[in-house]
Every structure is written in structure tokens, then in C-alpha cells.
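Trainee: structure-v9.cif is the file, holding mmCIF, C-alpha atoms:
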```cif
data_structure
loop_
_atom_site.group_PDB
_atom_site.id
_atom_site.type_symbol
_atom_site.label_atom_id
_atom_site.label_comp_id
_atom_site.auth_asym_id
_atom_site.auth_seq_id
_atom_site.Cartn_x
_atom_site.Cartn_y
_atom_site.Cartn_z
ATOM 1 C CA MET A 1 -1.305 -64.421 -59.623
ATOM 2 C CA ALA A 2 -3.406 -63.465 -62.661
ATOM 3 C CA TYR A 3 -4.297 -59.852 -63.426
ATOM 4 C CA ALA A 4 -7.124 -58.761 -65.601
ATOM 5 C CA PRO A 5 -5.843 -56.609 -68.485
ATOM 6 C CA GLY A 6 -8.412 -53.926 -67.718
ATOM 7 C CA ALA A 7 -7.250 -53.552 -64.122
ATOM 8 C CA VAL A 8 -3.606 -53.049 -65.197
ATOM 9 C CA LEU A 9 -4.617 -50.338 -67.664
ATOM 10 C CA ILE A 10 -6.696 -48.493 -65.052
ATOM 11 C CA ALA A 11 -3.848 -48.585 -62.543
ATOM 12 C CA ALA A 12 -1.371 -47.199 -65.097
ATOM 13 C CA LEU A 13 -3.694 -44.350 -66.017
ATOM 14 C CA ALA A 14 -4.213 -43.493 -62.368
ATOM 15 C CA VAL A 15 -0.459 -43.258 -61.724
ATOM 16 C CA GLY A 16 0.102 -41.199 -64.859
ATOM 17 C CA CYS A 17 -2.626 -38.708 -64.021
ATOM 18 C CA SER A 18 -1.383 -38.332 -60.469
ATOM 19 C CA SER A 19 2.208 -37.562 -61.480
ATOM 20 C CA GLY A 20 1.106 -35.333 -64.405
ATOM 21 C CA ASN A 21 -0.953 -33.036 -62.193
ATOM 22 C CA GLY A 22 2.026 -32.329 -59.969
ATOM 23 C CA THR A 23 4.463 -31.393 -62.736
ATOM 24 C CA SER A 24 1.878 -29.311 -64.651
ATOM 25 C CA ASP A 25 1.044 -27.126 -61.660
ATOM 26 C CA SER A 26 4.716 -26.668 -60.878
ATOM 27 C CA ALA A 27 5.560 -25.598 -64.440
ATOM 28 C CA THR A 28 2.669 -23.146 -64.563
ATOM 29 C CA ASP A 29 3.533 -21.494 -61.258
ATOM 30 C CA SER A 30 7.296 -21.352 -61.877
ATOM 31 C CA LYS A 31 7.031 -18.569 -64.525
ATOM 32 C CA PRO A 32 3.956 -16.492 -63.795
ATOM 33 C CA GLY A 33 2.969 -14.007 -66.477
ATOM 34 C CA THR A 34 5.137 -15.436 -69.246
ATOM 35 C CA LEU A 35 2.165 -16.412 -71.360
ATOM 36 C CA ALA A 36 0.469 -12.983 -71.250
ATOM 37 C CA THR A 37 2.125 -9.721 -72.359
ATOM 38 C CA SER A 38 0.613 -6.257 -71.873
ATOM 39 C CA ALA A 39 0.576 -4.176 -75.077
ATOM 40 C CA ALA A 40 0.993 -0.399 -75.015
ATOM 41 C CA PRO A 41 -2.346 1.467 -75.026
ATOM 42 C CA PRO A 42 -3.732 2.670 -78.379
ATOM 43 C CA GLY A 43 -4.093 6.351 -79.199
ATOM 44 C CA LYS A 44 -7.155 8.357 -78.262
ATOM 45 C CA TYR A 45 -8.149 9.076 -81.854
ATOM 46 C CA ARG A 46 -9.077 6.357 -84.342
ATOM 47 C CA THR A 47 -10.357 8.638 -87.124
ATOM 48 C CA LEU A 48 -9.581 12.051 -88.619
ATOM 49 C CA PRO A 49 -11.948 14.925 -89.474
ATOM 50 C CA GLU A 50 -12.761 15.800 -93.057
ATOM 51 C CA ALA A 51 -10.051 18.373 -93.683
ATOM 52 C CA CYS A 52 -11.898 20.573 -96.196
ATOM 53 C CA ARG A 53 -14.877 20.770 -93.824
ATOM 54 C CA SER A 54 -12.848 21.369 -90.679
ATOM 55 C CA ILE A 55 -13.011 25.192 -90.827
ATOM 56 C CA PRO A 56 -16.324 27.099 -90.710
ATOM 57 C CA PRO A 57 -17.081 29.422 -93.666
ATOM 58 C CA ALA A 58 -17.061 32.500 -91.415
ATOM 59 C CA THR A 59 -13.498 31.695 -90.308
ATOM 60 C CA LEU A 60 -12.386 31.114 -93.898
ATOM 61 C CA LYS A 61 -13.796 34.522 -94.886
ATOM 62 C CA ASP A 62 -11.640 36.123 -92.227
ATOM 63 C CA LEU A 63 -8.519 34.182 -93.218
ATOM 64 C CA LEU A 64 -9.025 34.717 -96.967
ATOM 65 C CA PRO A 65 -10.197 38.348 -97.231
ATOM 66 C CA GLY A 66 -9.772 38.519 -101.000
ATOM 67 C CA ALA A 67 -12.539 35.952 -101.506
ATOM 68 C CA ALA A 68 -15.185 38.355 -100.203
ATOM 69 C CA GLU A 69 -14.831 40.462 -103.349
ATOM 70 C CA LEU A 70 -15.411 37.545 -105.713
ATOM 71 C CA PRO A 71 -18.767 36.573 -107.243
ATOM 72 C CA GLU A 72 -20.720 34.137 -105.100
ATOM 73 C CA ALA A 73 -20.005 31.130 -107.300
ATOM 74 C CA GLN A 74 -16.268 31.788 -107.152
ATOM 75 C CA GLN A 75 -16.436 32.353 -103.393
ATOM 76 C CA GLU A 76 -17.947 28.916 -102.925
ATOM 77 C CA LYS A 77 -15.166 27.376 -104.986
ATOM 78 C CA VAL A 78 -12.513 29.098 -102.849
ATOM 79 C CA PHE A 79 -14.157 28.081 -99.585
ATOM 80 C CA ASP A 80 -14.598 24.481 -100.735
ATOM 81 C CA GLY A 81 -10.814 24.131 -100.763
ATOM 82 C CA SER A 82 -8.753 21.458 -102.467
ATOM 83 C CA ALA A 83 -7.935 18.198 -100.715
ATOM 84 C CA THR A 84 -4.243 17.302 -100.594
ATOM 85 C CA VAL A 85 -3.143 14.006 -102.104
ATOM 86 C CA THR A 86 -2.659 11.272 -99.507
ATOM 87 C CA TYR A 87 -2.433 7.513 -99.832
ATOM 88 C CA ASP A 88 -4.163 6.556 -96.585
ATOM 89 C CA THR A 89 -6.962 8.865 -95.462
ATOM 90 C CA ASP A 90 -7.254 6.987 -92.174
ATOM 91 C CA ARG A 91 -3.744 8.171 -91.341
ATOM 92 C CA ARG A 92 -3.434 11.572 -93.041
ATOM 93 C CA VAL A 93 -5.707 14.172 -94.627
ATOM 94 C CA GLY A 94 -5.252 17.801 -95.610
ATOM 95 C CA CYS A 95 -6.803 20.718 -97.475
ATOM 96 C CA ARG A 96 -5.610 23.920 -99.200
ATOM 97 C CA TRP A 97 -7.390 27.212 -99.744
ATOM 98 C CA LYS A 98 -6.233 30.239 -101.747
ATOM 99 C CA SER A 99 -7.688 33.626 -102.579
ATOM 100 C CA ASP A 100 -6.411 36.502 -104.710
ATOM 101 C CA GLY A 101 -7.460 40.090 -104.134
ATOM 102 C CA PRO A 102 -6.380 43.649 -104.921
ATOM 103 C CA ASP A 103 -4.206 43.755 -101.804
ATOM 104 C CA GLY A 104 -2.464 40.445 -102.446
ATOM 105 C CA THR A 105 -2.789 36.698 -102.044
ATOM 106 C CA ARG A 106 -3.628 34.618 -98.986
ATOM 107 C CA SER A 107 -3.323 30.845 -98.785
ATOM 108 C CA LEU A 108 -3.998 28.309 -96.048
ATOM 109 C CA LEU A 109 -3.019 24.683 -95.531
ATOM 110 C CA VAL A 110 -4.363 22.406 -92.802
ATOM 111 C CA ASP A 111 -2.880 18.927 -92.358
ATOM 112 C CA PHE A 112 -4.005 16.201 -89.934
ATOM 113 C CA GLU A 113 -1.747 13.223 -89.233
ATOM 114 C CA ARG A 114 -2.890 10.313 -87.042
ATOM 115 C CA VAL A 115 0.183 8.527 -85.725
ATOM 116 C CA VAL A 116 -0.005 4.770 -85.177
ATOM 117 C CA SER A 117 2.731 2.723 -83.534
ATOM 118 C CA TYR A 118 3.216 -0.736 -84.969
ATOM 119 C CA ASP A 119 5.443 -1.695 -82.052
ATOM 120 C CA PRO A 120 3.293 -3.272 -79.311
ATOM 121 C CA SER A 121 5.714 -2.009 -76.677
ATOM 122 C CA VAL A 122 5.381 1.639 -77.824
ATOM 123 C CA SER A 123 2.093 3.493 -77.463
ATOM 124 C CA ASP A 124 0.598 5.615 -80.230
ATOM 125 C CA ASP A 125 1.038 8.692 -78.034
ATOM 126 C CA ASP A 126 4.734 7.989 -77.474
ATOM 127 C CA ARG A 127 5.267 7.494 -81.188
ATOM 128 C CA ALA A 128 3.392 10.768 -81.870
ATOM 129 C CA ARG A 129 5.722 12.522 -79.420
ATOM 130 C CA GLU A 130 8.687 11.328 -81.459
ATOM 131 C CA VAL A 131 7.154 12.514 -84.749
ATOM 132 C CA TYR A 132 6.258 15.887 -83.247
ATOM 133 C CA ALA A 133 9.745 16.317 -81.745
ATOM 134 C CA LYS A 134 11.319 15.848 -85.191
ATOM 135 C CA LYS A 135 9.077 18.546 -86.637
ATOM 136 C CA GLU A 136 9.987 20.886 -83.816
ATOM 137 C CA ALA A 137 13.703 20.224 -84.273
ATOM 138 C CA ALA A 138 13.398 20.848 -88.034
ATOM 139 C CA ALA A 139 11.821 24.250 -87.314
ATOM 140 C CA ASP A 140 15.087 25.269 -85.597
ATOM 141 C CA LEU A 141 13.413 27.446 -82.975
ATOM 142 C CA PRO A 142 15.501 29.841 -80.875
ATOM 143 C CA SER A 143 17.042 28.131 -77.848
ATOM 144 C CA SER A 144 14.896 30.116 -75.421
ATOM 145 C CA SER A 145 11.954 27.993 -76.547
ATOM 146 C CA GLY A 146 12.910 24.616 -75.104
ATOM 147 C CA SER A 147 10.721 21.622 -75.935
ATOM 148 C CA SER A 148 8.995 19.535 -73.272
ATOM 149 C CA ASP A 149 7.627 16.908 -75.639
ATOM 150 C CA GLY A 150 10.381 14.718 -77.001
ATOM 151 C CA PRO A 151 14.066 13.948 -76.948
ATOM 152 C CA GLU A 152 15.024 16.754 -79.303
ATOM 153 C CA SER A 153 14.897 19.443 -76.632
ATOM 154 C CA GLY A 154 18.494 20.463 -77.251
ATOM 155 C CA THR A 155 17.701 22.908 -80.032
ATOM 156 C CA PRO A 156 20.792 24.788 -81.257
ATOM 157 C CA SER A 157 21.236 28.231 -79.764
ATOM 158 C CA SER A 158 20.067 31.203 -81.788
ATOM 159 C CA SER A 159 23.615 32.430 -82.181
ATOM 160 C CA ASP A 160 24.607 29.150 -83.842
ATOM 161 C CA SER A 161 21.490 28.634 -85.961
ATOM 162 C CA PRO A 162 21.689 30.208 -89.411
ATOM 163 C CA GLY A 163 17.903 30.643 -89.593
ATOM 164 C CA SER A 164 17.511 32.490 -86.278
ATOM 165 C CA SER A 165 17.978 35.990 -85.022
ATOM 166 C CA PRO A 166 21.110 36.767 -83.034
ATOM 167 C CA SER A 167 20.793 36.406 -79.283
ATOM 168 C CA GLY A 168 18.907 39.297 -77.739
ATOM 169 C CA THR A 169 17.615 40.604 -81.068
ATOM 170 C CA ALA A 170 14.007 40.342 -82.102
ATOM 171 C CA GLY A 171 13.175 39.097 -85.567
ATOM 172 C CA GLU A 172 12.246 35.966 -87.476
ATOM 173 C CA LYS A 173 13.850 33.604 -89.941
ATOM 174 C CA THR A 174 14.169 34.181 -93.661
ATOM 175 C CA ASP A 175 14.966 31.822 -96.488
ATOM 176 C CA ALA A 176 18.388 33.413 -96.858
ATOM 177 C CA GLY A 177 19.298 32.625 -93.252
ATOM 178 C CA LYS A 178 19.213 36.270 -92.154
ATOM 179 C CA SER A 179 16.946 37.883 -89.616
ATOM 180 C CA THR A 180 14.480 40.554 -90.579
ATOM 181 C CA ASP A 181 12.313 42.849 -88.561
ATOM 182 C CA PRO A 182 8.821 41.527 -87.799
ATOM 183 C CA GLY A 183 5.650 43.468 -88.342
ATOM 184 C CA THR A 184 5.312 45.765 -91.328
ATOM 185 C CA GLY A 185 8.428 47.127 -92.943
ATOM 186 C CA GLY A 186 10.523 49.988 -91.619
ATOM 187 C CA LYS A 187 9.997 49.293 -87.922
ATOM 188 C CA SER A 188 12.790 48.876 -85.432
ATOM 189 C CA SER A 189 13.619 45.424 -84.144
ATOM 190 C CA GLY A 190 12.069 46.251 -80.776
ATOM 191 C CA ASP A 191 8.635 47.429 -81.919
ATOM 192 C CA THR A 192 5.804 46.357 -84.200
ATOM 193 C CA THR A 193 3.128 48.529 -85.830
ATOM 194 C CA ASP A 194 1.102 48.642 -82.590
ATOM 195 C CA GLY A 195 4.071 49.183 -80.286
ATOM 196 C CA SER A 196 4.093 45.632 -78.866
ATOM 197 C CA SER A 197 7.371 43.851 -78.230
ATOM 198 C CA ALA A 198 8.758 42.139 -81.311
ATOM 199 C CA GLU A 199 10.260 39.490 -79.044
ATOM 200 C CA ASN A 200 6.753 38.026 -78.710
ATOM 201 C CA LEU A 201 6.639 37.472 -82.478
ATOM 202 C CA GLN A 202 9.704 35.271 -82.721
ATOM 203 C CA PRO A 203 9.337 31.556 -83.575
ATOM 204 C CA ARG A 204 8.555 29.937 -80.243
ATOM 205 C CA MET A 205 6.831 27.248 -78.225
ATOM 206 C CA LEU A 206 3.106 27.709 -77.515
ATOM 207 C CA ASP A 207 2.009 26.773 -74.016
ATOM 208 C CA SER A 208 -1.771 26.550 -74.308
ATOM 209 C CA LEU A 209 -2.392 24.639 -77.527
ATOM 210 C CA GLY A 210 -2.924 20.877 -77.353
ATOM 211 C CA ASP A 211 -0.381 18.718 -75.545
ATOM 212 C CA SER A 212 2.573 20.475 -77.220
ATOM 213 C CA ALA A 213 2.830 23.169 -79.871
ATOM 214 C CA PHE A 214 5.164 25.593 -81.599
ATOM 215 C CA LEU A 215 4.939 28.528 -83.999
ATOM 216 C CA ASP A 216 7.337 29.301 -86.829
ATOM 217 C CA ASP A 217 7.493 32.498 -88.904
ATOM 218 C CA LEU A 218 9.312 32.551 -92.247
ATOM 219 C CA LEU A 219 9.740 35.591 -94.479
ATOM 220 C CA THR A 220 10.775 34.808 -98.060
ATOM 221 C CA ARG A 221 11.757 36.986 -100.991
ATOM 222 C CA ALA A 222 12.334 35.516 -104.444
ATOM 223 C CA GLY A 223 14.216 37.979 -106.608
ATOM 224 C CA SER A 224 12.300 41.216 -107.172
ATOM 225 C CA THR A 225 8.876 39.741 -106.410
ATOM 226 C CA ALA A 226 6.828 40.548 -103.345
ATOM 227 C CA GLN A 227 7.764 38.991 -100.050
ATOM 228 C CA HIS A 228 5.922 35.930 -98.755
ATOM 229 C CA ARG A 229 5.373 35.402 -95.065
ATOM 230 C CA THR A 230 4.330 31.947 -93.870
ATOM 231 C CA VAL A 231 3.297 31.407 -90.278
ATOM 232 C CA SER A 232 3.188 27.748 -89.264
ATOM 233 C CA VAL A 233 1.465 26.439 -86.156
ATOM 234 C CA VAL A 234 2.073 22.782 -85.321
ATOM 235 C CA PHE A 235 0.493 21.058 -82.346
ATOM 236 C CA ARG A 236 -0.012 17.550 -80.988
ATOM 237 C CA THR A 237 -3.115 16.293 -79.245
ATOM 238 C CA SER A 238 -2.720 12.683 -78.121
ATOM 239 C CA ASN A 239 -1.785 10.705 -81.257
ATOM 240 C CA VAL A 240 -2.787 13.365 -83.822
ATOM 241 C CA ILE A 241 -0.448 16.072 -85.131
ATOM 242 C CA VAL A 242 -2.003 19.148 -86.769
ATOM 243 C CA THR A 243 -0.082 21.503 -89.041
ATOM 244 C CA ILE A 244 -1.379 24.933 -90.086
ATOM 245 C CA GLU A 245 0.445 27.015 -92.708
ATOM 246 C CA TYR A 246 -0.924 30.504 -93.289
ATOM 247 C CA THR A 247 0.745 32.564 -96.041
ATOM 248 C CA ALA A 248 0.385 36.152 -97.206
ATOM 249 C CA GLN A 249 1.906 37.867 -100.250
ATOM 250 C CA PRO A 250 1.143 41.583 -100.704
ATOM 251 C CA ALA A 251 0.436 42.893 -104.180
ATOM 252 C CA LEU A 252 3.335 45.377 -103.960
ATOM 253 C CA SER A 253 6.917 44.190 -103.709
ATOM 254 C CA THR A 254 7.703 47.030 -101.295
ATOM 255 C CA GLU A 255 5.242 45.784 -98.674
ATOM 256 C CA VAL A 256 6.074 43.299 -95.920
ATOM 257 C CA PRO A 257 3.285 40.999 -94.651
ATOM 258 C CA ASP A 258 2.261 41.758 -91.068
ATOM 259 C CA SER A 259 3.659 39.077 -88.781
ATOM 260 C CA LYS A 260 1.401 39.936 -85.834
ATOM 261 C CA GLU A 261 -1.824 39.608 -87.819
ATOM 262 C CA LEU A 262 -0.861 36.287 -89.397
ATOM 263 C CA GLN A 263 0.338 34.822 -86.101
ATOM 264 C CA GLU A 264 -2.819 35.813 -84.237
ATOM 265 C CA LYS A 265 -5.095 34.323 -86.893
ATOM 266 C CA ALA A 266 -3.073 31.109 -87.190
ATOM 267 C CA GLN A 267 -3.093 30.614 -83.418
ATOM 268 C CA ALA A 268 -6.817 31.305 -83.220
ATOM 269 C CA LEU A 269 -7.440 28.694 -85.896
ATOM 270 C CA GLY A 270 -5.278 26.239 -83.971
ATOM 271 C CA GLY A 271 -7.393 26.826 -80.868
ATOM 272 C CA ASN A 272 -10.582 26.154 -82.837
ATOM 273 C CA LEU A 273 -9.179 22.886 -84.203
ATOM 274 C CA VAL A 274 -8.096 21.744 -80.730
ATOM 275 C CA ASP A 275 -11.651 22.353 -79.527
ATOM 276 C CA ARG A 276 -12.966 20.178 -82.354
ATOM 277 C CA PHE A 277 -10.839 17.275 -81.193
ATOM 278 C CA SER A 278 -12.080 17.777 -77.636
ATOM 279 C CA GLU A 279 -15.752 17.444 -78.639
#
```
Just give me the structure as C-alpha cells.

Mentor:
Amino acid sequence: MAYAPGAVLIAALAVGCSSGNGTSDSATDSKPGTLATSAAPPGKYRTLPEACRSIPPATLKDLLPGAAELPEAQQEKVFDGSATVTYDTDRRVGCRWKSDGPDGTRSLLVDFERVVSYDPSVSDDDRAREVYAKKEAAADLPSSSGSSDGPESGTPSSSDSPGSSPSGTAGEKTDAGKSTDPGTGGKSSGDTTDGSSAENLQPRMLDSLGDSAFLDDLLTRAGSTAQHRTVSVVFRTSNVIVTIEYTAQPALSTEVPDSKELQEKAQALGGNLVDRFSE
């Protein structure tokens, strides 16, 4: 029997298509979801504010009281601030301000860091939690201030940490690893200048600032010069970590910078910056 070449070709194609459809469907259904992977969600913030414009002039005047006594042109220079050097302004920006006055020197640093995870299985927020937790651990807070934002919640106890006050004693860390009384000098460890409990002035976690936050308080003396006190407030909001460092150095070496004043102003500034991110 003779077959036309065209008919044989059509029959072969028909058989091939029929068998191919069956195996293709089976292969696709046998491993559902293998071709599509779900990446971790990106962070809430894609940009950072302009650091040297992040604080209103009225707030800077309060934080840098010595600037008010300068001529207007010099005041503007102080309030303009100086941008910190960074290599990627999409990821990190900062600004410094400093003023000198008859009563001493005040300086302020604000740093914004936008954390990005380059691991598709780790979200930007989770990576920011890790970065924040390392900063908190490095601050070596007293053990009574346990962290809720990261794996480093096992902070060494205050009795074991060389930069902390002994257990049950109020005070803050110094560069020499010894505790000193907060507030202005000469006060007992239980009271500050206004009679409030010094325990509230210790380095600690802050409950109502961003997603997680802590405050550190460091008193430093270099030789016979005046003492420096630096209050640091660090907080995380989503995938951005904000660091505030507020420093005071009195003009007289016998004076001790007031911990309560610096802490209140640094925390208030932190609250203002959190509000800016919420806008």
C-alpha cells in the first residue's frame, strides 16, 4: 500500500504533540512553586532626609546656647552645620554642629543610616534589627535594660561590665571604666540637682522612641581639662537607624555637665526626628 509522504508527516506530528502535552502537564504539576520564589519585603524608607536641614533653627538655638551670643553672620554659620563625610548618601548621611560660649562648648551630631539587605531571603527591617542590636550591645547597657530588638539581648550584668555602675548604685559610665554620680557635681548617687532619682539617668532602653531605642551617657575627663559629657540616643524606625550625640564641656574644669538636661534635650530631639519619618 502506498502512503503519501505528507500524510506520514502529519500523523507523526499528531502523535508527538499528543504525547508531549501529557508529559509537560505532569512535569509542571509535579513541583508547584519551584519556578517562583518570594523575596523578603523591602524596607519602608527608600531615601534619607538632608541631615543638615533635619533640625529646625529654633531647636538648634536651644541645643547650642552659646551661638545666641554670636554675631548674626556667625550664628548662621553655626546653624548651617557641617555635613559628615560619607561615600553613599543614599545609604548614610550626617551633620555636626558646634558652638562655643562663655559657659562652655556644646556640640551635636546627627547620623542617619538606611539599612539595605542584599540577601533576598532577609528583609531590610530584619537586617536593620541586626545592625541596631550590635550598636546596643556595644553600648554595654546595664542588664536591667534588656533589649527586645535583636539577638544580643544578653547584655553583661552591671556588676561584670567595667563601664557600668555596680548593681543597685546609680551613676553612668566614664572613659576610665568607673562610675560617677550623675547630675551636677557633689550630689549623692541617689539624687540629682532637682531631687529626682538618679536611677532614671542611667544608660537604658527607651520604650517610646521608634521601633527600638536606647540612651547612653558617658562622662570623660582628659587630664586636668574640663569634663565632657556625651549623651547618645540611638533608635531604629523600620530600616533606618538614627544616632544622636549631644556633648557638653563646661568652661571650668571643676564643673560637671548636667546629665538630666542633656538627656532630656537629646530625647526630645529624637522624638522630633521620629515624627519627621512618620510624615

Trainee: So which one's closest to Leu60 in chain A, A:Tyr132, A:Phe79, A:Tyr246, A:Phe112? Using only C-alpha atoms, please.

Mentor: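 Of A:Tyr132, A:Phe79, A:Tyr246, A:Phe112, the one nearest Leu60 in chain A, counting only C-alpha atoms, is A:Phe79.
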
Trainee: With the file shown as input, list the residues that the PyMOL selection byres ((chain A and resi 248) around 8) selects, as a list in words.

Mentor: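 Evaluating the PyMOL selection byres ((chain A and resi 248) around 8) on this file yields Gly104, Thr105, Arg106, Ser107, His228, Arg229, Thr230, Tyr246, Thr247, Gln249, Pro250, Pro257 and Leu262 of chain A.
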
Trainee: Could you state the separation of CA of Asn200 in chain A and CA of Glu136 in chain A in Å, given to one decimal place?

Mentor: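 Interatomic distance here is 18.2 Å.
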
Trainee: Choose the residue, out of A:Ala73, A:Val234, A:Ala40, A:Leu108, that has the smallest atom-to-atom separation from Thr59 in chain A; count all atoms listed in the file.

Mentor: A:Leu108

Trainee: Would you mind telling me which residue in A:Ala226, A:Leu209, A:Ala68, A:Ala51 lies nearest to Gly94 in chain A when using only C-alpha atoms?

Mentor: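 Residue with the minimum atom-to-atom distance to Gly94 in chain A: A:Ala51.
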
Trainee: Find, counting all atoms listed in the file, the residue in A:Val256, A:Arg276, A:Tyr45, A:Val240 that gets nearest to Arg127 in chain A.

Mentor: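 Ranked by minimum distance to Arg127 in chain A, first place goes to A:Val240.
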
Trainee: What do you get, as a count of residues only, if you spell out every residue that the PyMOL selection byres ((chain A and resi 96) around 6) selects here?

Mentor: 6

Trainee: What does the distance from CA of Met205 in chain A to CA of Gln227 in chain A come to in Å, to one decimal?

Mentor: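 We find that CA of Met205 in chain A and CA of Gln227 in chain A lie 24.8 Å from each other.
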
Trainee: Step by step, work through what the PyMOL selection byres ((chain A and resi 61) around 12) selects in the shown file, and finish by giving those residues as a PyMOL selection string.

Mentor: chain A and resi 55-60+62-70+75-76+78-80+97-99+106-108+265

Trainee: To one decimal place in Å, what is the distance between CA of Ala137 in chain A and CA of Val122 in chain A?

Mentor: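 According to the coordinates, CA of Ala137 in chain A and CA of Val122 in chain A are separated by 21.4 Å.
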
Trainee: Using all atoms listed in the file, give me every residue within 12 Å of (6.9, 7.0, -78.2) in file coordinates, as a ChimeraX atom specification.

Mentor: /A:40-43,115-133,149-151,238-239

Trainee: For range 213-219 of chain A, please output as a PyMOL selection string all residues within 8 Å (counting only C-alpha atoms; exclusion window: fewer than 2 positions along the same chain).

Mentor: chain A and resi 136+139+141+172-175+180+202-211+221+227-236+259

Trainee: Box for range 135-138 of chain A: with edges along x, y and z, all listed atoms inside and 4 Å added on each side, what are the centre and edge lengths in Å to one decimal, as AutoDock Vina command-line options?

Mentor:
```
--center_x 11.4 --center_y 19.7 --center_z -85.9 --size_x 12.6 --size_y 10.3 --size_z 12.2
```

Trainee: Using all atoms listed in the file for the distances, tell me which of A:Asp88, A:Asp275, A:Glu255, A:Asp140 is nearest to Thr225 in chain A.

Mentor: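 Looking only at the distances to Thr225 in chain A, the closest residue turns out to be A:Glu255.
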
Trainee: Could you check which of A:Asp90, A:Asp100, A:Glu72, A:Glu245 is closest to Thr47 in chain A, using only C-alpha atoms?

Mentor: A:Asp90

Trainee: Since the input lacks some atoms of range 100-115 of chain A, please model N, CA, C and O atoms and print them as a PDB file, in the frame of the given file.

Mentor:
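Just written: part_37.pdb:
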```pdb
ATOM      1  N   ASP A 100      -7.143  35.364-104.156  1.00  0.00           N
ATOM      2  CA  ASP A 100      -6.411  36.502-104.710  1.00  0.00           C
ATOM      3  C   ASP A 100      -7.301  37.728-104.644  1.00  0.00           C
ATOM      4  O   ASP A 100      -8.488  37.681-104.993  1.00  0.00           O
ATOM      5  N   GLY A 101      -6.723  38.845-104.209  1.00  0.00           N
ATOM      6  CA  GLY A 101      -7.460  40.090-104.134  1.00  0.00           C
ATOM      7  C   GLY A 101      -6.593  41.260-104.515  1.00  0.00           C
ATOM      8  O   GLY A 101      -5.392  41.103-104.786  1.00  0.00           O
ATOM      9  N   PRO A 102      -7.154  42.459-104.538  1.00  0.00           N
ATOM     10  CA  PRO A 102      -6.380  43.649-104.921  1.00  0.00           C
ATOM     11  C   PRO A 102      -5.179  43.895-104.010  1.00  0.00           C
ATOM     12  O   PRO A 102      -4.165  44.447-104.447  1.00  0.00           O
ATOM     13  N   ASP A 103      -5.289  43.498-102.759  1.00  0.00           N
ATOM     14  CA  ASP A 103      -4.206  43.755-101.804  1.00  0.00           C
ATOM     15  C   ASP A 103      -3.158  42.649-101.782  1.00  0.00           C
ATOM     16  O   ASP A 103      -2.113  42.797-101.125  1.00  0.00           O
ATOM     17  N   GLY A 104      -3.432  41.532-102.438  1.00  0.00           N
ATOM     18  CA  GLY A 104      -2.464  40.445-102.446  1.00  0.00           C
ATOM     19  C   GLY A 104      -3.133  39.086-102.382  1.00  0.00           C
ATOM     20  O   GLY A 104      -4.336  38.949-102.611  1.00  0.00           O
ATOM     21  N   THR A 105      -2.335  38.095-102.061  1.00  0.00           N
ATOM     22  CA  THR A 105      -2.789  36.698-102.044  1.00  0.00           C
ATOM     23  C   THR A 105      -2.673  36.132-100.642  1.00  0.00           C
ATOM     24  O   THR A 105      -1.687  36.378 -99.937  1.00  0.00           O
ATOM     25  N   ARG A 106      -3.674  35.364-100.241  1.00  0.00           N
ATOM     26  CA  ARG A 106      -3.628  34.618 -98.986  1.00  0.00           C
ATOM     27  C   ARG A 106      -3.864  33.139 -99.293  1.00  0.00           C
ATOM     28  O   ARG A 106      -4.712  32.792-100.125  1.00  0.00           O
ATOM     29  N   SER A 107      -3.113  32.286 -98.630  1.00  0.00           N
ATOM     30  CA  SER A 107      -3.323  30.845 -98.785  1.00  0.00           C
ATOM     31  C   SER A 107      -3.241  30.173 -97.423  1.00  0.00           C
ATOM     32  O   SER A 107      -2.586  30.673 -96.497  1.00  0.00           O
ATOM     33  N   LEU A 108      -3.901  29.030 -97.318  1.00  0.00           N
ATOM     34  CA  LEU A 108      -3.998  28.309 -96.048  1.00  0.00           C
ATOM     35  C   LEU A 108      -3.899  26.818 -96.310  1.00  0.00           C
ATOM     36  O   LEU A 108      -4.512  26.302 -97.243  1.00  0.00           O
ATOM     37  N   LEU A 109      -3.115  26.149 -95.493  1.00  0.00           N
ATOM     38  CA  LEU A 109      -3.019  24.683 -95.531  1.00  0.00           C
ATOM     39  C   LEU A 109      -3.287  24.149 -94.134  1.00  0.00           C
ATOM     40  O   LEU A 109      -2.734  24.648 -93.151  1.00  0.00           O
ATOM     41  N   VAL A 110      -4.130  23.122 -94.058  1.00  0.00           N
ATOM     42  CA  VAL A 110      -4.363  22.406 -92.802  1.00  0.00           C
ATOM     43  C   VAL A 110      -4.095  20.935 -93.058  1.00  0.00           C
ATOM     44  O   VAL A 110      -4.612  20.350 -94.022  1.00  0.00           O
ATOM     45  N   ASP A 111      -3.276  20.326 -92.199  1.00  0.00           N
ATOM     46  CA  ASP A 111      -2.880  18.927 -92.358  1.00  0.00           C
ATOM     47  C   ASP A 111      -3.093  18.199 -91.037  1.00  0.00           C
ATOM     48  O   ASP A 111      -2.671  18.678 -89.980  1.00  0.00           O
ATOM     49  N   PHE A 112      -3.772  17.045 -91.113  1.00  0.00           N
ATOM     50  CA  PHE A 112      -4.005  16.201 -89.934  1.00  0.00           C
ATOM     51  C   PHE A 112      -3.282  14.870 -90.131  1.00  0.00           C
ATOM     52  O   PHE A 112      -3.497  14.196 -91.136  1.00  0.00           O
ATOM     53  N   GLU A 113      -2.472  14.496 -89.174  1.00  0.00           N
ATOM     54  CA  GLU A 113      -1.747  13.223 -89.233  1.00  0.00           C
ATOM     55  C   GLU A 113      -2.038  12.407 -87.976  1.00  0.00           C
ATOM     56  O   GLU A 113      -1.753  12.852 -86.859  1.00  0.00           O
ATOM     57  N   ARG A 114      -2.620  11.224 -88.171  1.00  0.00           N
ATOM     58  CA  ARG A 114      -2.890  10.313 -87.042  1.00  0.00           C
ATOM     59  C   ARG A 114      -1.750   9.306 -86.964  1.00  0.00           C
ATOM     60  O   ARG A 114      -1.547   8.509 -87.876  1.00  0.00           O
ATOM     61  N   VAL A 115      -1.003   9.368 -85.874  1.00  0.00           N
ATOM     62  CA  VAL A 115       0.183   8.527 -85.725  1.00  0.00           C
ATOM     63  C   VAL A 115      -0.205   7.201 -85.085  1.00  0.00           C
ATOM     64  O   VAL A 115      -0.913   7.162 -84.070  1.00  0.00           O
TER      65      VAL A 115
END
```
